[in-house]
Amino acid sequence: MLTVLVAIFLGVVEGLTEFIPVSSTGHMILTAKLMGINDQSELLKSFEIAIQLGAILAITIVYWNRILSMFGLKQQTVSKGYVPQKQLNLLHVALGITPALLTAYLAKDFIKNLFSASTVLWALVAGAIFMLAAEWVGSRRRPSAETLDEISYGQALMIGIYQIISVLWPGFSRSGSTMSGGMLSGVSYRAAADFSFLMAIPIMIVVCGYELMNSYKLFTPGVLGFFALGFIVSFAVAYIVVVAFLSHIQNIKLWHFAIYRLVLAGTFWFFVMR
C-alpha cells in the first residue's frame, strides 16, 4: 500500500492543505478514497499522523522568532525598533488550545467514527458557509485586534471555542474555524491567521505524539523509509505554502477558500460518491 508514489503524493497533499482553511484531514480522506486506499488502515493513519510532524516543523521555523519571544528568550520588536506594550504570550496560546484538546480527549471515540468521505463533504460545505459569514461580518466592522499582540485573553478563548467545531467535525478545517472565529471575535484576518498557525504547533504535537505512542509497533524498518519520505515532502511543501500565504494574505481572502471547498465537495460528490 505505501509505495514511493503514495508517500510523495500524500506528503504533497498534507503540506498543501495543513495550514490553509480547506481541511487537511478532509483532503487526506478524499485522496485515499480517490486512490483506492483503505482509509481505515492503521498503517495509513499512522503515516498521515507522521507526515503532519513535517508540517509542524515547517510552521515552527516560520514562527521561530515569535516562539522564542513568548518564552522570554528573545525580545519581540516591530518596525523602527518599537516594542509593543502588549505582547502575545503563552497564556493566550493556552486559552486557545485548551478547549480543542479537552474536546478531542473526551470525545476521541466518538470522533473516530466520523472519518468518512460523506462526513467530509458535508463539513466542506458547512465550513465554507461559516467562512463566508465570518468574512461578511468582519468586513463590516473595524477589528479591535489589528495585530497578533493586540489579541485579548477573551478573544483567544473564543477562538479556541470556535476551534471545537473542527475537532468534532472532520473536514470542517481547524484553520478555517479559528480564522473565522477570530474575525467573528473582532480579530483582523492577518492576526487571526497568525494566531491559528501558532496554536497549531502545540495542538499537533500533543495529538500526533499521543497517536504515535499508541501505534509505535507499526513503525517497522520496512516502512520507515516511506514515513521519512512523506515527512520531508510534507515539510518542504508546507513551508512554501505558509510563506506564500502570509506574503499574499491581503489578496487571498476566506471567500476564495470557501468557493474552492464548495466546488471540491460538489465535484467529488458528482463524480465519485454518486
# chains A, B, ... in the order shown; residues from 1 in each chain; ligands from 1
>>> residues_around(residues="Gln155 of chain A", least_positions_apart="3", cutoff="12 Å", atoms="only C-alpha atoms", output="number ranges by chain")
A: 88, 91-93, 95-96, 143-145, 148-152, 158-162, 178-179, 181-188, 191-192, 195
>>> select_by_dssp(residues="segment 15-245 of chain A", states="helix (DSSP H, G or I)", output="ChimeraX atom specification")
/A:15-17,24-34,42-62,64-70,79-81,90-106,108-112,117-138,148-150,153-168,174-184,189-214,216-218,221-245
>>> residues_around(residues="segment 251-260 of chain A", least_positions_apart="5", cutoff="9 Å", atoms="only C-alpha atoms", output="number ranges by chain")
A: 20-22, 124-125, 127-132, 134-135, 176, 179-180, 189, 245, 265
>>> write_last_selection(atoms="all heavy atoms", output="CSV table (one decimal), in the first residue's frame")
chain,number,residue,atom,x,y,z
A,20,ILE,N,-3.9,26.0,5.5
A,20,ILE,CA,-4.9,26.9,4.8
A,20,ILE,C,-6.3,26.3,5.1
A,20,ILE,O,-6.4,25.1,5.4
A,20,ILE,CB,-4.6,27.0,3.3
A,20,ILE,CG1,-4.7,25.7,2.6
A,20,ILE,CG2,-3.3,27.7,3.1
A,20,ILE,CD1,-4.5,25.7,1.1
A,21,PRO,N,-7.3,27.1,5.1
A,21,PRO,CA,-8.6,26.7,5.6
A,21,PRO,C,-9.4,25.9,4.6
A,21,PRO,O,-10.5,26.2,4.2
A,21,PRO,CB,-9.3,28.1,5.9
A,21,PRO,CG,-8.7,29.0,4.9
A,21,PRO,CD,-7.3,28.6,4.8
A,22,VAL,N,-8.9,24.7,4.3
A,22,VAL,CA,-9.6,23.8,3.4
A,22,VAL,C,-9.7,22.4,3.9
A,22,VAL,O,-10.3,21.5,3.3
A,22,VAL,CB,-8.9,23.7,2.0
A,22,VAL,CG1,-8.9,25.1,1.3
A,22,VAL,CG2,-7.4,23.2,2.1
A,124,LEU,N,-17.1,20.3,4.4
A,124,LEU,CA,-16.6,21.2,3.5
A,124,LEU,C,-17.6,22.3,3.1
A,124,LEU,O,-17.3,23.5,3.1
A,124,LEU,CB,-16.1,20.5,2.2
A,124,LEU,CG,-14.8,19.7,2.3
A,124,LEU,CD1,-14.6,18.9,1.0
A,124,LEU,CD2,-13.6,20.6,2.6
A,125,VAL,N,-18.8,21.9,2.9
A,125,VAL,CA,-19.9,22.8,2.6
A,125,VAL,C,-20.2,23.7,3.8
A,125,VAL,O,-20.3,24.9,3.7
A,125,VAL,CB,-21.2,22.1,2.2
A,125,VAL,CG1,-22.3,23.0,2.0
A,125,VAL,CG2,-20.9,21.3,0.9
A,127,GLY,N,-18.4,24.4,6.4
A,127,GLY,CA,-17.3,25.2,6.7
A,127,GLY,C,-17.2,26.4,5.8
A,127,GLY,O,-16.8,27.5,6.2
A,128,ALA,N,-17.5,26.2,4.5
A,128,ALA,CA,-17.5,27.3,3.5
A,128,ALA,C,-18.5,28.3,3.9
A,128,ALA,O,-18.2,29.5,3.8
A,128,ALA,CB,-17.8,26.7,2.1
A,129,ILE,N,-19.7,27.9,4.3
A,129,ILE,CA,-20.8,28.9,4.6
A,129,ILE,C,-20.3,29.7,5.9
A,129,ILE,O,-20.5,30.9,5.9
A,129,ILE,CB,-22.1,28.1,4.9
A,129,ILE,CG1,-22.6,27.5,3.6
A,129,ILE,CG2,-23.1,29.0,5.5
A,129,ILE,CD1,-23.7,26.5,3.8
A,130,PHE,N,-19.7,29.0,6.8
A,130,PHE,CA,-19.3,29.6,8.1
A,130,PHE,C,-18.2,30.7,7.7
A,130,PHE,O,-18.2,31.8,8.3
A,130,PHE,CB,-18.7,28.6,9.0
A,130,PHE,CG,-18.2,29.1,10.3
A,130,PHE,CD1,-19.1,29.7,11.2
A,130,PHE,CD2,-16.9,29.0,10.7
A,130,PHE,CE1,-18.7,30.2,12.4
A,130,PHE,CE2,-16.5,29.5,11.9
A,130,PHE,CZ,-17.3,30.1,12.8
A,131,MET,N,-17.3,30.3,6.8
A,131,MET,CA,-16.2,31.3,6.5
A,131,MET,C,-16.7,32.5,5.7
A,131,MET,O,-16.3,33.6,5.9
A,131,MET,CB,-15.2,30.5,5.6
A,131,MET,CG,-14.3,29.5,6.4
A,131,MET,SD,-13.5,28.2,5.4
A,131,MET,CE,-12.5,29.2,4.3
A,132,LEU,N,-17.7,32.3,4.8
A,132,LEU,CA,-18.3,33.4,4.1
A,132,LEU,C,-19.0,34.3,5.1
A,132,LEU,O,-19.0,35.6,4.9
A,132,LEU,CB,-19.3,32.8,3.1
A,132,LEU,CG,-18.7,32.1,1.9
A,132,LEU,CD1,-19.8,31.5,1.0
A,132,LEU,CD2,-17.9,33.1,1.0
A,134,ALA,N,-18.3,34.7,8.3
A,134,ALA,CA,-17.3,35.4,9.1
A,134,ALA,C,-16.7,36.5,8.4
A,134,ALA,O,-16.5,37.6,8.9
A,134,ALA,CB,-16.2,34.4,9.6
A,135,GLU,N,-16.4,36.3,7.1
A,135,GLU,CA,-15.8,37.4,6.3
A,135,GLU,C,-16.8,38.5,6.1
A,135,GLU,O,-16.4,39.7,6.1
A,135,GLU,CB,-15.3,36.8,4.9
A,135,GLU,CG,-14.4,37.8,4.2
A,135,GLU,CD,-13.5,37.1,3.2
A,135,GLU,OE1,-14.0,36.7,2.2
A,135,GLU,OE2,-12.3,37.0,3.5
A,176,GLY,N,-9.7,27.0,9.3
A,176,GLY,CA,-10.9,27.7,8.9
A,176,GLY,C,-11.7,28.1,10.0
A,176,GLY,O,-12.3,29.2,10.1
A,179,MET,N,-9.6,31.0,12.0
A,179,MET,CA,-9.6,32.2,11.3
A,179,MET,C,-10.9,32.9,11.3
A,179,MET,O,-11.1,34.1,11.6
A,179,MET,CB,-9.1,32.0,9.9
A,179,MET,CG,-7.6,31.7,9.8
A,179,MET,SD,-7.1,31.6,8.0
A,179,MET,CE,-5.6,30.6,8.2
A,180,SER,N,-12.0,32.1,11.0
A,180,SER,CA,-13.3,32.7,11.0
A,180,SER,C,-13.7,33.1,12.4
A,180,SER,O,-14.3,34.1,12.6
A,180,SER,CB,-14.3,31.6,10.4
A,180,SER,OG,-13.9,31.2,9.1
A,189,TYR,N,-8.1,39.7,10.0
A,189,TYR,CA,-7.8,38.4,9.2
A,189,TYR,C,-6.4,38.0,9.4
A,189,TYR,O,-6.1,36.8,9.7
A,189,TYR,CB,-8.1,38.7,7.8
A,189,TYR,CG,-7.9,37.6,6.8
A,189,TYR,CD1,-8.1,36.3,7.1
A,189,TYR,CD2,-7.4,37.9,5.5
A,189,TYR,CE1,-7.9,35.3,6.2
A,189,TYR,CE2,-7.2,36.9,4.6
A,189,TYR,CZ,-7.4,35.6,4.9
A,189,TYR,OH,-7.2,34.6,4.0
A,245,PHE,N,1.4,32.1,1.5
A,245,PHE,CA,0.1,32.5,2.0
A,245,PHE,C,0.2,33.8,2.8
A,245,PHE,O,-0.5,34.8,2.6
A,245,PHE,CB,-0.6,31.4,2.9
A,245,PHE,CG,-1.9,31.9,3.5
A,245,PHE,CD1,-3.0,32.1,2.7
A,245,PHE,CD2,-2.0,32.0,4.9
A,245,PHE,CE1,-4.2,32.5,3.3
A,245,PHE,CE2,-3.2,32.3,5.5
A,245,PHE,CZ,-4.3,32.6,4.7
A,265,ALA,N,-16.4,19.9,-3.0
A,265,ALA,CA,-17.5,19.0,-2.5
A,265,ALA,C,-18.4,18.6,-3.6
A,265,ALA,O,-18.8,17.4,-3.7
A,265,ALA,CB,-18.2,19.7,-1.3
>>> atom_distance(atom1="atom CA of Thr267 of chain A", atom2="atom CA of Pro170 of chain A")
18.7 Å
>>> atom_distance(atom1="atom CA of Ile51 of chain A", atom2="atom CA of Leu90 of chain A")
26.0 Å
>>> closest_atom_pairs(of="segment 104-160 of chain A", to="segment 23-45 of chain A", cutoff="10 Å", atoms="only C-alpha atoms", output="JSON lines")
{"residue": "A:Lys112", "atom": "CA", "partner": "A:Gln40", "partner_atom": "CA", "distance": 9.9}
{"residue": "A:Phe115", "atom": "CA", "partner": "A:Ile29", "partner_atom": "CA", "distance": 7.5}
{"residue": "A:Ser116", "atom": "CA", "partner": "A:Ile29", "partner_atom": "CA", "distance": 6.9}
{"residue": "A:Ala117", "atom": "CA", "partner": "A:Leu30", "partner_atom": "CA", "distance": 5.9}
{"residue": "A:Ser118", "atom": "CA", "partner": "A:Leu30", "partner_atom": "CA", "distance": 9.3}
{"residue": "A:Thr119", "atom": "CA", "partner": "A:Gly26", "partner_atom": "CA", "distance": 8.8}
{"residue": "A:Val120", "atom": "CA", "partner": "A:Gly26", "partner_atom": "CA", "distance": 5.4}
{"residue": "A:Leu121", "atom": "CA", "partner": "A:Gly26", "partner_atom": "CA", "distance": 8.0}
{"residue": "A:Ala123", "atom": "CA", "partner": "A:Gly26", "partner_atom": "CA", "distance": 8.4}
{"residue": "A:Leu124", "atom": "CA", "partner": "A:Ser23", "partner_atom": "CA", "distance": 7.9}
{"residue": "A:Gly127", "atom": "CA", "partner": "A:Ser23", "partner_atom": "CA", "distance": 9.3}
>>> write_last_selection(atoms="C-alpha atoms", output="PDB file, in the first residue's frame")
ATOM      1  CA  LYS A 112     -13.034   8.267  15.229  1.00  0.00           C
ATOM      2  CA  PHE A 115     -13.913   9.826   9.495  1.00  0.00           C
ATOM      3  CA  SER A 116     -15.640   9.175   6.182  1.00  0.00           C
ATOM      4  CA  ALA A 117     -15.846  10.800   2.763  1.00  0.00           C
ATOM      5  CA  SER A 118     -19.523  11.706   3.162  1.00  0.00           C
ATOM      6  CA  THR A 119     -18.885  13.410   6.509  1.00  0.00           C
ATOM      7  CA  VAL A 120     -16.037  15.371   4.952  1.00  0.00           C
ATOM      8  CA  LEU A 121     -18.155  16.593   2.034  1.00  0.00           C
ATOM      9  CA  ALA A 123     -18.139  19.563   6.523  1.00  0.00           C
ATOM     10  CA  LEU A 124     -16.557  21.239   3.484  1.00  0.00           C
ATOM     11  CA  GLY A 127     -17.258  25.250   6.737  1.00  0.00           C
TER      12      GLY A 127
END
>>> closest_residue(among="A:Leu262, A:Met273, A:Gln163, A:Gly230", to="Glu48 of chain A", atoms="only C-alpha atoms")
A:Gly230
>>> closest_atom_pairs(of="segment 15-123 of chain A", to="segment 236-239 of chain A", cutoff="8 Å", atoms="only C-alpha atoms", output="tab-separated table")
residue	atom	partner	partner_atom	distance
A:Gly15	CA	A:Ala238	CA	4.0
A:Leu16	CA	A:Ala238	CA	5.8
A:Thr17	CA	A:Ala238	CA	7.9
A:Glu18	CA	A:Ala238	CA	7.2
A:Phe19	CA	A:Ala238	CA	7.6
A:Gly54	CA	A:Ala238	CA	7.9
A:Ala55	CA	A:Ala238	CA	5.4
A:Ala58	CA	A:Tyr239	CA	4.8
A:Ile59	CA	A:Tyr239	CA	6.6
A:Val62	CA	A:Tyr239	CA	7.5
>>> write_last_selection(atoms="C-alpha atoms", output="PDB file, in the first residue's frame")
ATOM      1  CA  GLY A  15       1.790  20.106   3.004  1.00  0.00           C
ATOM      2  CA  LEU A  16      -0.579  21.970   0.700  1.00  0.00           C
ATOM      3  CA  THR A  17      -3.626  21.783   2.950  1.00  0.00           C
ATOM      4  CA  GLU A  18      -2.499  21.661   6.596  1.00  0.00           C
ATOM      5  CA  PHE A  19      -2.405  25.383   7.295  1.00  0.00           C
ATOM      6  CA  GLY A  54       6.740  17.626   8.880  1.00  0.00           C
ATOM      7  CA  ALA A  55       4.146  20.381   8.576  1.00  0.00           C
ATOM      8  CA  ALA A  58       7.697  23.990   8.797  1.00  0.00           C
ATOM      9  CA  ILE A  59       5.394  26.276  10.801  1.00  0.00           C
ATOM     10  CA  VAL A  62       8.386  30.272  10.109  1.00  0.00           C
TER      11      VAL A  62
END
>>> atom_distance(atom1="atom CA of Tyr63 of chain A", atom2="atom CA of Phe235 of chain A")
14.3 Å
>>> closest_residue(among="A:Leu218, A:Val6, A:Val242, A:Leu73", to="Ala193 of chain A", atoms="only C-alpha atoms")
A:Val242
>>> residues_around(residues="Leu212 of chain A", least_positions_apart="4", cutoff="8 Å", atoms="only C-alpha atoms", output="PyMOL selection string")
chain A and resi 46+49-50+208+216
>>> write_last_selection(atoms="N, CA and C atoms", output="compact mmCIF listing (two decimals), in the first residue's frame")
# COMPACT_ATOMS: atom_id res chain seq x y z
N SER A 46 -1.33 6.05 10.77
CA SER A 46 -0.06 6.39 11.41
C SER A 46 0.83 7.20 10.46
N ILE A 49 -0.40 10.75 10.32
CA ILE A 49 -0.01 11.48 11.54
C ILE A 49 1.47 11.84 11.49
N ALA A 50 2.29 10.91 11.03
CA ALA A 50 3.73 11.15 10.98
C ALA A 50 4.08 12.30 10.05
N CYS A 208 -0.44 14.38 17.68
CA CYS A 208 0.41 13.44 16.94
C CYS A 208 1.21 12.56 17.90
N TYR A 216 3.15 2.79 17.91
CA TYR A 216 4.58 2.71 17.66
C TYR A 216 5.00 1.36 17.09
>>> residues_around(residues="Ser69 of chain A", least_positions_apart="2", cutoff="12 Å", atoms="only C-alpha atoms", output="number ranges by chain")
A: 63-67, 71-77, 83, 87-90, 149
